[in-house]
$ cat input-v9.pdb   # PDB, C-alpha atoms, pLDDT in the B column
ATOM      1  CA  MET A   1       0.000   0.000   0.000  1.00 47.00           C
ATOM      2  CA  ALA A   2       1.516   3.289  -1.081  1.00 50.00           C
ATOM      3  CA  PHE A   3       0.706   6.692   0.346  1.00 51.00           C
ATOM      4  CA  GLY A   4       0.519   9.121  -2.545  1.00 51.00           C
ATOM      5  CA  MET A   5      -0.661  12.670  -2.962  1.00 55.00           C
ATOM      6  CA  GLY A   6      -4.257  12.997  -3.910  1.00 55.00           C
ATOM      7  CA  GLY A   7      -4.846   9.335  -3.445  1.00 56.00           C
ATOM      8  CA  GLY A   8      -8.341   8.168  -2.894  1.00 58.00           C
ATOM      9  CA  SER A   9     -11.510   8.038  -4.827  1.00 67.00           C
ATOM     10  CA  PRO A  10     -13.192  11.150  -6.256  1.00 66.00           C
ATOM     11  CA  ASP A  11     -16.251  10.482  -4.060  1.00 73.00           C
ATOM     12  CA  GLU A  12     -14.323  11.022  -0.816  1.00 76.00           C
ATOM     13  CA  VAL A  13     -15.228  13.994   1.372  1.00 77.00           C
ATOM     14  CA  LYS A  14     -12.576  16.666   1.391  1.00 74.00           C
ATOM     15  CA  GLY A  15     -11.374  17.809   4.821  1.00 77.00           C
ATOM     16  CA  ASP A  16     -10.200  21.314   3.815  1.00 81.00           C
ATOM     17  CA  ILE A  17     -12.177  24.457   4.591  1.00 83.00           C
ATOM     18  CA  ASN A  18     -12.808  26.839   1.729  1.00 85.00           C
ATOM     19  CA  VAL A  19     -12.445  30.376   3.178  1.00 87.00           C
ATOM     20  CA  THR A  20     -12.964  32.259  -0.085  1.00 89.00           C
ATOM     21  CA  PRO A  21     -16.729  32.809   0.444  1.00 90.00           C
ATOM     22  CA  LEU A  22     -16.042  34.025   3.993  1.00 91.00           C
ATOM     23  CA  VAL A  23     -13.476  36.547   2.752  1.00 92.00           C
ATOM     24  CA  ASP A  24     -15.921  37.739   0.077  1.00 93.00           C
ATOM     25  CA  VAL A  25     -18.668  38.307   2.648  1.00 93.00           C
ATOM     26  CA  CYS A  26     -16.293  40.155   4.996  1.00 93.00           C
ATOM     27  CA  LEU A  27     -15.098  42.454   2.209  1.00 94.00           C
ATOM     28  CA  VAL A  28     -18.677  43.273   1.199  1.00 94.00           C
ATOM     29  CA  LEU A  29     -19.566  44.092   4.827  1.00 93.00           C
ATOM     30  CA  LEU A  30     -16.471  46.289   5.125  1.00 93.00           C
ATOM     31  CA  ILE A  31     -17.427  48.229   2.008  1.00 93.00           C
ATOM     32  CA  ILE A  32     -20.995  48.681   3.272  1.00 90.00           C
ATOM     33  CA  PHE A  33     -19.772  50.070   6.595  1.00 86.00           C
ATOM     34  CA  MET A  34     -17.320  52.393   4.851  1.00 86.00           C
ATOM     35  CA  VAL A  35     -20.115  53.818   2.703  1.00 84.00           C
ATOM     36  CA  VAL A  36     -22.759  54.093   5.452  1.00 79.00           C
ATOM     37  CA  THR A  37     -20.627  55.481   8.308  1.00 74.00           C
ATOM     38  CA  PRO A  38     -20.186  59.011   6.878  1.00 66.00           C
ATOM     39  CA  MET A  39     -23.952  59.227   6.400  1.00 64.00           C
ATOM     40  CA  LEU A  40     -24.601  58.672  10.109  1.00 61.00           C
ATOM     41  CA  GLN A  41     -23.441  62.177  10.977  1.00 61.00           C
ATOM     42  CA  SER A  42     -26.230  64.721  10.860  1.00 61.00           C
ATOM     43  CA  GLY A  43     -25.878  68.294   9.763  1.00 66.00           C
ATOM     44  CA  VAL A  44     -22.849  70.015   8.348  1.00 71.00           C
ATOM     45  CA  ASP A  45     -19.380  69.212   9.648  1.00 74.00           C
ATOM     46  CA  VAL A  46     -18.083  71.933  12.004  1.00 77.00           C
ATOM     47  CA  LEU A  47     -15.289  72.196  14.574  1.00 78.00           C
ATOM     48  CA  LEU A  48     -17.116  72.010  17.904  1.00 79.00           C
ATOM     49  CA  PRO A  49     -15.984  73.797  21.066  1.00 80.00           C
ATOM     50  CA  GLN A  50     -14.646  71.665  23.902  1.00 80.00           C
ATOM     51  CA  GLY A  51     -16.321  71.435  27.276  1.00 75.00           C
ATOM     52  CA  PRO A  52     -15.092  69.633  30.387  1.00 72.00           C
ATOM     53  CA  HIS A  53     -18.599  68.712  31.579  1.00 67.00           C
ATOM     54  CA  ALA A  54     -20.224  67.657  28.330  1.00 62.00           C
ATOM     55  CA  GLU A  55     -22.881  65.007  28.856  1.00 65.00           C
ATOM     56  CA  LYS A  56     -23.664  62.346  26.333  1.00 63.00           C
ATOM     57  CA  LYS A  57     -27.237  62.522  25.110  1.00 61.00           C
ATOM     58  CA  PRO A  58     -28.356  60.282  22.296  1.00 53.00           C
ATOM     59  CA  GLY A  59     -29.817  62.137  19.353  1.00 62.00           C
ATOM     60  CA  LYS A  60     -32.912  60.895  17.613  1.00 67.00           C
ATOM     61  CA  GLU A  61     -33.412  60.624  13.891  1.00 68.00           C
ATOM     62  CA  GLY A  62     -36.069  63.358  13.862  1.00 74.00           C
ATOM     63  CA  ASP A  63     -33.978  65.978  15.667  1.00 83.00           C
ATOM     64  CA  LEU A  64     -33.561  69.337  13.972  1.00 88.00           C
ATOM     65  CA  ILE A  65     -29.837  69.998  13.530  1.00 89.00           C
ATOM     66  CA  ILE A  66     -28.819  73.638  13.054  1.00 91.00           C
ATOM     67  CA  SER A  67     -25.169  74.121  12.065  1.00 91.00           C
ATOM     68  CA  ILE A  68     -23.203  77.369  11.906  1.00 92.00           C
ATOM     69  CA  LYS A  69     -19.983  77.177   9.913  1.00 91.00           C
ATOM     70  CA  GLN A  70     -16.889  79.304  10.501  1.00 89.00           C
ATOM     71  CA  ASP A  71     -17.874  81.779   7.778  1.00 91.00           C
ATOM     72  CA  GLY A  72     -21.250  82.383   9.466  1.00 89.00           C
ATOM     73  CA  THR A  73     -23.439  80.417   7.072  1.00 92.00           C
ATOM     74  CA  VAL A  74     -26.368  78.659   8.731  1.00 92.00           C
ATOM     75  CA  PHE A  75     -27.493  75.186   7.724  1.00 92.00           C
ATOM     76  CA  VAL A  76     -30.617  73.378   8.888  1.00 89.00           C
ATOM     77  CA  GLY A  77     -29.820  69.737   8.264  1.00 85.00           C
ATOM     78  CA  GLN A  78     -27.927  69.860   4.962  1.00 84.00           C
ATOM     79  CA  ASP A  79     -29.838  72.897   3.612  1.00 87.00           C
ATOM     80  CA  TRP A  80     -28.267  76.368   3.580  1.00 90.00           C
ATOM     81  CA  ILE A  81     -30.704  78.949   4.935  1.00 91.00           C
ATOM     82  CA  PRO A  82     -30.088  82.708   4.491  1.00 93.00           C
ATOM     83  CA  ASP A  83     -30.291  84.744   7.697  1.00 90.00           C
ATOM     84  CA  ARG A  84     -33.342  86.689   6.500  1.00 92.00           C
ATOM     85  CA  ASN A  85     -35.311  83.436   5.952  1.00 92.00           C
ATOM     86  CA  LEU A  86     -34.200  81.594   9.091  1.00 93.00           C
ATOM     87  CA  VAL A  87     -37.147  82.478  11.351  1.00 93.00           C
ATOM     88  CA  GLN A  88     -39.730  81.593   8.684  1.00 94.00           C
ATOM     89  CA  TYR A  89     -37.955  78.315   7.915  1.00 93.00           C
ATOM     90  CA  LEU A  90     -37.778  77.370  11.598  1.00 93.00           C
ATOM     91  CA  LYS A  91     -41.453  78.268  12.088  1.00 93.00           C
ATOM     92  CA  ALA A  92     -42.353  75.938   9.225  1.00 93.00           C
ATOM     93  CA  GLU A  93     -40.229  73.176  10.784  1.00 91.00           C
ATOM     94  CA  HIS A  94     -41.905  73.762  14.162  1.00 92.00           C
ATOM     95  CA  GLN A  95     -45.364  73.440  12.604  1.00 92.00           C
ATOM     96  CA  LYS A  96     -44.376  70.067  11.118  1.00 90.00           C
ATOM     97  CA  ASP A  97     -43.479  68.678  14.562  1.00 87.00           C
ATOM     98  CA  PRO A  98     -43.741  70.925  17.658  1.00 86.00           C
ATOM     99  CA  ASN A  99     -42.154  68.272  19.926  1.00 86.00           C
ATOM    100  CA  ARG A 100     -39.000  68.078  17.852  1.00 86.00           C
ATOM    101  CA  ALA A 101     -35.673  68.529  19.638  1.00 85.00           C
ATOM    102  CA  VAL A 102     -33.317  71.225  18.340  1.00 89.00           C
ATOM    103  CA  MET A 103     -29.547  70.778  18.401  1.00 89.00           C
ATOM    104  CA  LEU A 104     -27.134  73.591  17.600  1.00 90.00           C
ATOM    105  CA  LYS A 105     -23.693  72.848  16.173  1.00 89.00           C
ATOM    106  CA  ALA A 106     -21.632  76.046  16.076  1.00 89.00           C
ATOM    107  CA  ASP A 107     -18.026  76.267  14.969  1.00 90.00           C
ATOM    108  CA  LYS A 108     -15.811  77.211  17.910  1.00 89.00           C
ATOM    109  CA  ARG A 109     -14.057  79.934  15.878  1.00 90.00           C
ATOM    110  CA  ILE A 110     -17.254  81.883  15.189  1.00 89.00           C
ATOM    111  CA  ASN A 111     -18.381  85.072  16.913  1.00 87.00           C
ATOM    112  CA  TYR A 112     -20.892  84.290  19.655  1.00 88.00           C
ATOM    113  CA  GLY A 113     -23.219  87.004  18.329  1.00 91.00           C
ATOM    114  CA  LYS A 114     -24.081  84.735  15.386  1.00 92.00           C
ATOM    115  CA  VAL A 115     -24.886  81.869  17.762  1.00 91.00           C
ATOM    116  CA  ARG A 116     -27.100  84.199  19.787  1.00 93.00           C
ATOM    117  CA  MET A 117     -28.913  85.317  16.622  1.00 94.00           C
ATOM    118  CA  VAL A 118     -29.665  81.687  15.662  1.00 93.00           C
ATOM    119  CA  MET A 119     -30.842  80.864  19.185  1.00 92.00           C
ATOM    120  CA  LYS A 120     -33.124  83.916  19.101  1.00 93.00           C
ATOM    121  CA  ALA A 121     -34.542  82.779  15.737  1.00 93.00           C
ATOM    122  CA  ALA A 122     -35.269  79.332  17.200  1.00 92.00           C
ATOM    123  CA  ASN A 123     -36.969  80.977  20.177  1.00 91.00           C
ATOM    124  CA  GLU A 124     -39.097  83.170  17.860  1.00 92.00           C
ATOM    125  CA  ALA A 125     -40.105  80.006  15.994  1.00 92.00           C
ATOM    126  CA  ASP A 126     -41.596  78.736  19.303  1.00 90.00           C
ATOM    127  CA  PHE A 127     -38.993  76.059  20.024  1.00 89.00           C
ATOM    128  CA  VAL A 128     -38.864  75.774  23.818  1.00 83.00           C
ATOM    129  CA  GLY A 129     -35.267  74.622  24.281  1.00 79.00           C
ATOM    130  CA  ILE A 130     -32.130  74.087  22.311  1.00 86.00           C
ATOM    131  CA  SER A 131     -29.257  71.674  22.926  1.00 85.00           C
ATOM    132  CA  ILE A 132     -25.794  72.970  22.165  1.00 85.00           C
ATOM    133  CA  LEU A 133     -23.386  70.368  20.866  1.00 84.00           C
ATOM    134  CA  THR A 134     -19.900  70.407  22.349  1.00 83.00           C
ATOM    135  CA  GLU A 135     -16.968  68.056  22.199  1.00 81.00           C
ATOM    136  CA  ASN A 136     -15.740  66.395  25.351  1.00 76.00           C
ATOM    137  CA  GLN A 137     -12.081  67.142  26.069  1.00 69.00           C
ATOM    138  CA  GLN A 138     -11.293  63.443  26.519  1.00 64.00           C
ATOM    139  CA  ALA A 139     -13.641  61.841  23.971  1.00 53.00           C
ATOM    140  CA  GLY A 140     -15.565  62.582  20.784  1.00 45.00           C
ATOM    141  CA  ALA A 141     -18.635  64.750  20.201  1.00 46.00           C
ATOM    142  CA  GLN A 142     -20.931  65.093  23.198  1.00 47.00           C
ATOM    143  CA  ILE A 143     -23.957  67.205  24.026  1.00 51.00           C
ATOM    144  CA  ALA A 144     -24.357  69.795  26.746  1.00 51.00           C
ATOM    145  CA  GLN A 145     -27.982  70.569  27.447  1.00 49.00           C
ATOM    146  CA  GLY A 146     -28.989  74.234  27.435  1.00 50.00           C
ATOM    147  CA  LYS A 147     -32.279  76.112  27.425  1.00 46.00           C
ATOM    148  CA  THR A 148     -33.101  79.234  25.452  1.00 47.00           C
TER     149      THR A 148
END
$ encode --input "input-v9.pdb" --output "structure tokens"
Amino acid sequence: MAFGMGGGSPDEVKGDINVTPLVDVCLVLLIIFMVVTPMLQSGVDVLLPQGPHAEKKPGKEGDLIISIKQDGTVFVGQDWIPDRNLVQYLKAEHQKDPNRAVMLKADKRINYGKVRMVMKAANEADFVGISILTENQQAGAQIAQGKT
């Protein structure tokens, strides 16, 4: 009896594991996560101020995100809103859902007067409170709760 390579009948069960389908599935999942992850962030990307006592508060999908970029432009969600139309736009958003939470993302390099103007516009639109997003000094983006 000789022991040769590949000996045996063609009907024998092979003992090797084929990992190619597993690698294919893992690569597809990796690509999906790489595409979806940037979409999870709401609003426009701004450099948030740091706060030592920032509390983590989970945001909901229906929250109204107001972003103020360094150049002073105001975005509601992904839409640019001119300053003269901000109150009317926020009133329309309030009428859609009066219980909606409002979160303000202001660039830390901006003049506070612009932040105050946006908070006043949200107050005129009958939103009761506004959460101001800050970044925790030790971790990532966090939320500090504030009332207008």
$ residues_near_point --input "input-v9.pdb" --point "(-15.9, 72.7, 8.1)" --cutoff "10 Å" --atoms "all atoms listed in the file" --output "list in words"
Val44, Asp45, Val46, Leu47, Leu48, Ile68, Lys69, Gln70, Asp71 and Asp107 of chain A
$ atom_distance --input "input-v9.pdb" --atom1 "atom CA of Gly129 of chain A" --atom2 "atom CA of Met103 of chain A"
9.1 Å
$ closest_residue --input "input-v9.pdb" --among "A:Ala106, A:Cys26, A:Ala121, A:Val76" --to "Lys91 of chain A" --atoms "only C-alpha atoms"
A:Ala121
$ resolve_selection --input "input-v9.pdb" --expression "the PyMOL selection byres ((chain A and resi 80) around 12)" --output "tab-separated table (two decimals) with C-alpha atoms, in the coordinates of the input"
chain	number	residue	atom	x	y	z
A	43	GLY	CA	-25.88	68.29	9.76
A	44	VAL	CA	-22.85	70.02	8.35
A	65	ILE	CA	-29.84	70.00	13.53
A	66	ILE	CA	-28.82	73.64	13.05
A	67	SER	CA	-25.17	74.12	12.06
A	68	ILE	CA	-23.20	77.37	11.91
A	69	LYS	CA	-19.98	77.18	9.91
A	72	GLY	CA	-21.25	82.38	9.47
A	73	THR	CA	-23.44	80.42	7.07
A	74	VAL	CA	-26.37	78.66	8.73
A	75	PHE	CA	-27.49	75.19	7.72
A	76	VAL	CA	-30.62	73.38	8.89
A	77	GLY	CA	-29.82	69.74	8.26
A	78	GLN	CA	-27.93	69.86	4.96
A	79	ASP	CA	-29.84	72.90	3.61
A	81	ILE	CA	-30.70	78.95	4.93
A	82	PRO	CA	-30.09	82.71	4.49
A	83	ASP	CA	-30.29	84.74	7.70
A	84	ARG	CA	-33.34	86.69	6.50
A	85	ASN	CA	-35.31	83.44	5.95
A	86	LEU	CA	-34.20	81.59	9.09
A	89	TYR	CA	-37.96	78.32	7.92
$ atom_distance --input "input-v9.pdb" --atom1 "atom CA of Lys108 of chain A" --atom2 "atom CA of Asn136 of chain A"
13.1 Å
$ atom_distance --input "input-v9.pdb" --atom1 "atom CA of Gln50 of chain A" --atom2 "atom CA of Val36 of chain A"
26.7 Å
$ resolve_selection --input "input-v9.pdb" --expression "the PyMOL selection byres ((chain A and resi 119) around 12)" --output "number ranges by chain"
A: 66-68, 74, 86-87, 90, 102-106, 112-118, 120-132, 146-148
$ decode --input "input-v9.pdb" --residues "segment 21-34 of chain A" --atoms "all heavy atoms" --output "PDB file, in the first residue's frame"
ATOM      1  N   PRO A  21     -15.431  32.142   0.247  1.00  0.00           N
ATOM      2  CA  PRO A  21     -16.729  32.809   0.444  1.00  0.00           C
ATOM      3  C   PRO A  21     -16.767  33.674   1.714  1.00  0.00           C
ATOM      4  O   PRO A  21     -17.381  34.742   1.732  1.00  0.00           O
ATOM      5  CB  PRO A  21     -17.727  31.656   0.556  1.00  0.00           C
ATOM      6  CG  PRO A  21     -17.065  30.500  -0.091  1.00  0.00           C
ATOM      7  CD  PRO A  21     -15.601  30.691   0.139  1.00  0.00           C
ATOM      8  N   LEU A  22     -16.089  33.248   2.763  1.00  0.00           N
ATOM      9  CA  LEU A  22     -16.042  34.025   3.993  1.00  0.00           C
ATOM     10  C   LEU A  22     -15.323  35.349   3.766  1.00  0.00           C
ATOM     11  O   LEU A  22     -15.764  36.403   4.230  1.00  0.00           O
ATOM     12  CB  LEU A  22     -15.345  33.225   5.096  1.00  0.00           C
ATOM     13  CG  LEU A  22     -15.144  33.949   6.427  1.00  0.00           C
ATOM     14  CD1 LEU A  22     -16.491  34.237   7.073  1.00  0.00           C
ATOM     15  CD2 LEU A  22     -14.266  33.138   7.345  1.00  0.00           C
ATOM     16  N   VAL A  23     -14.220  35.320   3.060  1.00  0.00           N
ATOM     17  CA  VAL A  23     -13.476  36.547   2.752  1.00  0.00           C
ATOM     18  C   VAL A  23     -14.333  37.478   1.891  1.00  0.00           C
ATOM     19  O   VAL A  23     -14.358  38.692   2.110  1.00  0.00           O
ATOM     20  CB  VAL A  23     -12.136  36.204   2.066  1.00  0.00           C
ATOM     21  CG1 VAL A  23     -11.455  37.463   1.552  1.00  0.00           C
ATOM     22  CG2 VAL A  23     -11.232  35.464   3.020  1.00  0.00           C
ATOM     23  N   ASP A  24     -15.047  36.925   0.927  1.00  0.00           N
ATOM     24  CA  ASP A  24     -15.921  37.739   0.077  1.00  0.00           C
ATOM     25  C   ASP A  24     -16.997  38.447   0.901  1.00  0.00           C
ATOM     26  O   ASP A  24     -17.247  39.637   0.722  1.00  0.00           O
ATOM     27  CB  ASP A  24     -16.584  36.875  -1.005  1.00  0.00           C
ATOM     28  CG  ASP A  24     -15.596  36.388  -2.053  1.00  0.00           C
ATOM     29  OD1 ASP A  24     -14.494  36.968  -2.123  1.00  0.00           O
ATOM     30  OD2 ASP A  24     -15.937  35.439  -2.786  1.00  0.00           O
ATOM     31  N   VAL A  25     -17.625  37.724   1.802  1.00  0.00           N
ATOM     32  CA  VAL A  25     -18.668  38.307   2.648  1.00  0.00           C
ATOM     33  C   VAL A  25     -18.083  39.406   3.538  1.00  0.00           C
ATOM     34  O   VAL A  25     -18.665  40.480   3.691  1.00  0.00           O
ATOM     35  CB  VAL A  25     -19.368  37.213   3.489  1.00  0.00           C
ATOM     36  CG1 VAL A  25     -20.249  37.823   4.553  1.00  0.00           C
ATOM     37  CG2 VAL A  25     -20.171  36.291   2.590  1.00  0.00           C
ATOM     38  N   CYS A  26     -16.925  39.154   4.125  1.00  0.00           N
ATOM     39  CA  CYS A  26     -16.293  40.155   4.996  1.00  0.00           C
ATOM     40  C   CYS A  26     -15.932  41.416   4.221  1.00  0.00           C
ATOM     41  O   CYS A  26     -16.106  42.534   4.722  1.00  0.00           O
ATOM     42  CB  CYS A  26     -15.051  39.570   5.656  1.00  0.00           C
ATOM     43  SG  CYS A  26     -15.435  38.328   6.899  1.00  0.00           S
ATOM     44  N   LEU A  27     -15.433  41.283   3.018  1.00  0.00           N
ATOM     45  CA  LEU A  27     -15.098  42.454   2.209  1.00  0.00           C
ATOM     46  C   LEU A  27     -16.342  43.256   1.841  1.00  0.00           C
ATOM     47  O   LEU A  27     -16.328  44.490   1.849  1.00  0.00           O
ATOM     48  CB  LEU A  27     -14.328  42.041   0.957  1.00  0.00           C
ATOM     49  CG  LEU A  27     -12.876  41.616   1.206  1.00  0.00           C
ATOM     50  CD1 LEU A  27     -12.247  41.104  -0.084  1.00  0.00           C
ATOM     51  CD2 LEU A  27     -12.061  42.753   1.767  1.00  0.00           C
ATOM     52  N   VAL A  28     -17.418  42.577   1.510  1.00  0.00           N
ATOM     53  CA  VAL A  28     -18.677  43.273   1.199  1.00  0.00           C
ATOM     54  C   VAL A  28     -19.187  44.030   2.417  1.00  0.00           C
ATOM     55  O   VAL A  28     -19.596  45.186   2.319  1.00  0.00           O
ATOM     56  CB  VAL A  28     -19.735  42.273   0.669  1.00  0.00           C
ATOM     57  CG1 VAL A  28     -21.107  42.920   0.615  1.00  0.00           C
ATOM     58  CG2 VAL A  28     -19.342  41.764  -0.705  1.00  0.00           C
ATOM     59  N   LEU A  29     -19.143  43.407   3.604  1.00  0.00           N
ATOM     60  CA  LEU A  29     -19.566  44.092   4.827  1.00  0.00           C
ATOM     61  C   LEU A  29     -18.685  45.299   5.128  1.00  0.00           C
ATOM     62  O   LEU A  29     -19.177  46.358   5.538  1.00  0.00           O
ATOM     63  CB  LEU A  29     -19.562  43.124   6.011  1.00  0.00           C
ATOM     64  CG  LEU A  29     -20.669  42.074   6.008  1.00  0.00           C
ATOM     65  CD1 LEU A  29     -20.460  41.096   7.153  1.00  0.00           C
ATOM     66  CD2 LEU A  29     -22.022  42.735   6.102  1.00  0.00           C
ATOM     67  N   LEU A  30     -17.385  45.177   4.913  1.00  0.00           N
ATOM     68  CA  LEU A  30     -16.471  46.289   5.125  1.00  0.00           C
ATOM     69  C   LEU A  30     -16.801  47.462   4.209  1.00  0.00           C
ATOM     70  O   LEU A  30     -16.846  48.614   4.644  1.00  0.00           O
ATOM     71  CB  LEU A  30     -15.026  45.831   4.908  1.00  0.00           C
ATOM     72  CG  LEU A  30     -13.959  46.906   5.041  1.00  0.00           C
ATOM     73  CD1 LEU A  30     -13.904  47.408   6.479  1.00  0.00           C
ATOM     74  CD2 LEU A  30     -12.616  46.373   4.609  1.00  0.00           C
ATOM     75  N   ILE A  31     -17.069  47.169   2.966  1.00  0.00           N
ATOM     76  CA  ILE A  31     -17.427  48.229   2.008  1.00  0.00           C
ATOM     77  C   ILE A  31     -18.735  48.892   2.406  1.00  0.00           C
ATOM     78  O   ILE A  31     -18.864  50.118   2.353  1.00  0.00           O
ATOM     79  CB  ILE A  31     -17.490  47.655   0.570  1.00  0.00           C
ATOM     80  CG1 ILE A  31     -16.079  47.271   0.116  1.00  0.00           C
ATOM     81  CG2 ILE A  31     -18.126  48.647  -0.389  1.00  0.00           C
ATOM     82  CD1 ILE A  31     -16.036  46.483  -1.167  1.00  0.00           C
ATOM     83  N   ILE A  32     -19.713  48.106   2.840  1.00  0.00           N
ATOM     84  CA  ILE A  32     -20.995  48.681   3.272  1.00  0.00           C
ATOM     85  C   ILE A  32     -20.791  49.617   4.450  1.00  0.00           C
ATOM     86  O   ILE A  32     -21.320  50.737   4.471  1.00  0.00           O
ATOM     87  CB  ILE A  32     -21.999  47.563   3.606  1.00  0.00           C
ATOM     88  CG1 ILE A  32     -22.444  46.850   2.321  1.00  0.00           C
ATOM     89  CG2 ILE A  32     -23.206  48.118   4.356  1.00  0.00           C
ATOM     90  CD1 ILE A  32     -23.259  45.604   2.550  1.00  0.00           C
ATOM     91  N   PHE A  33     -20.020  49.205   5.436  1.00  0.00           N
ATOM     92  CA  PHE A  33     -19.772  50.070   6.595  1.00  0.00           C
ATOM     93  C   PHE A  33     -19.008  51.329   6.211  1.00  0.00           C
ATOM     94  O   PHE A  33     -19.246  52.397   6.740  1.00  0.00           O
ATOM     95  CB  PHE A  33     -19.039  49.305   7.693  1.00  0.00           C
ATOM     96  CG  PHE A  33     -19.930  48.404   8.477  1.00  0.00           C
ATOM     97  CD1 PHE A  33     -19.730  47.041   8.473  1.00  0.00           C
ATOM     98  CD2 PHE A  33     -20.988  48.909   9.210  1.00  0.00           C
ATOM     99  CE1 PHE A  33     -20.563  46.192   9.199  1.00  0.00           C
ATOM    100  CE2 PHE A  33     -21.826  48.081   9.935  1.00  0.00           C
ATOM    101  CZ  PHE A  33     -21.612  46.724   9.928  1.00  0.00           C
ATOM    102  N   MET A  34     -18.079  51.212   5.277  1.00  0.00           N
ATOM    103  CA  MET A  34     -17.320  52.393   4.851  1.00  0.00           C
ATOM    104  C   MET A  34     -18.206  53.397   4.132  1.00  0.00           C
ATOM    105  O   MET A  34     -17.987  54.602   4.218  1.00  0.00           O
ATOM    106  CB  MET A  34     -16.161  51.964   3.943  1.00  0.00           C
ATOM    107  CG  MET A  34     -15.053  51.260   4.689  1.00  0.00           C
ATOM    108  SD  MET A  34     -13.781  50.559   3.627  1.00  0.00           S
ATOM    109  CE  MET A  34     -13.273  51.947   2.657  1.00  0.00           C
TER     110      MET A  34
END
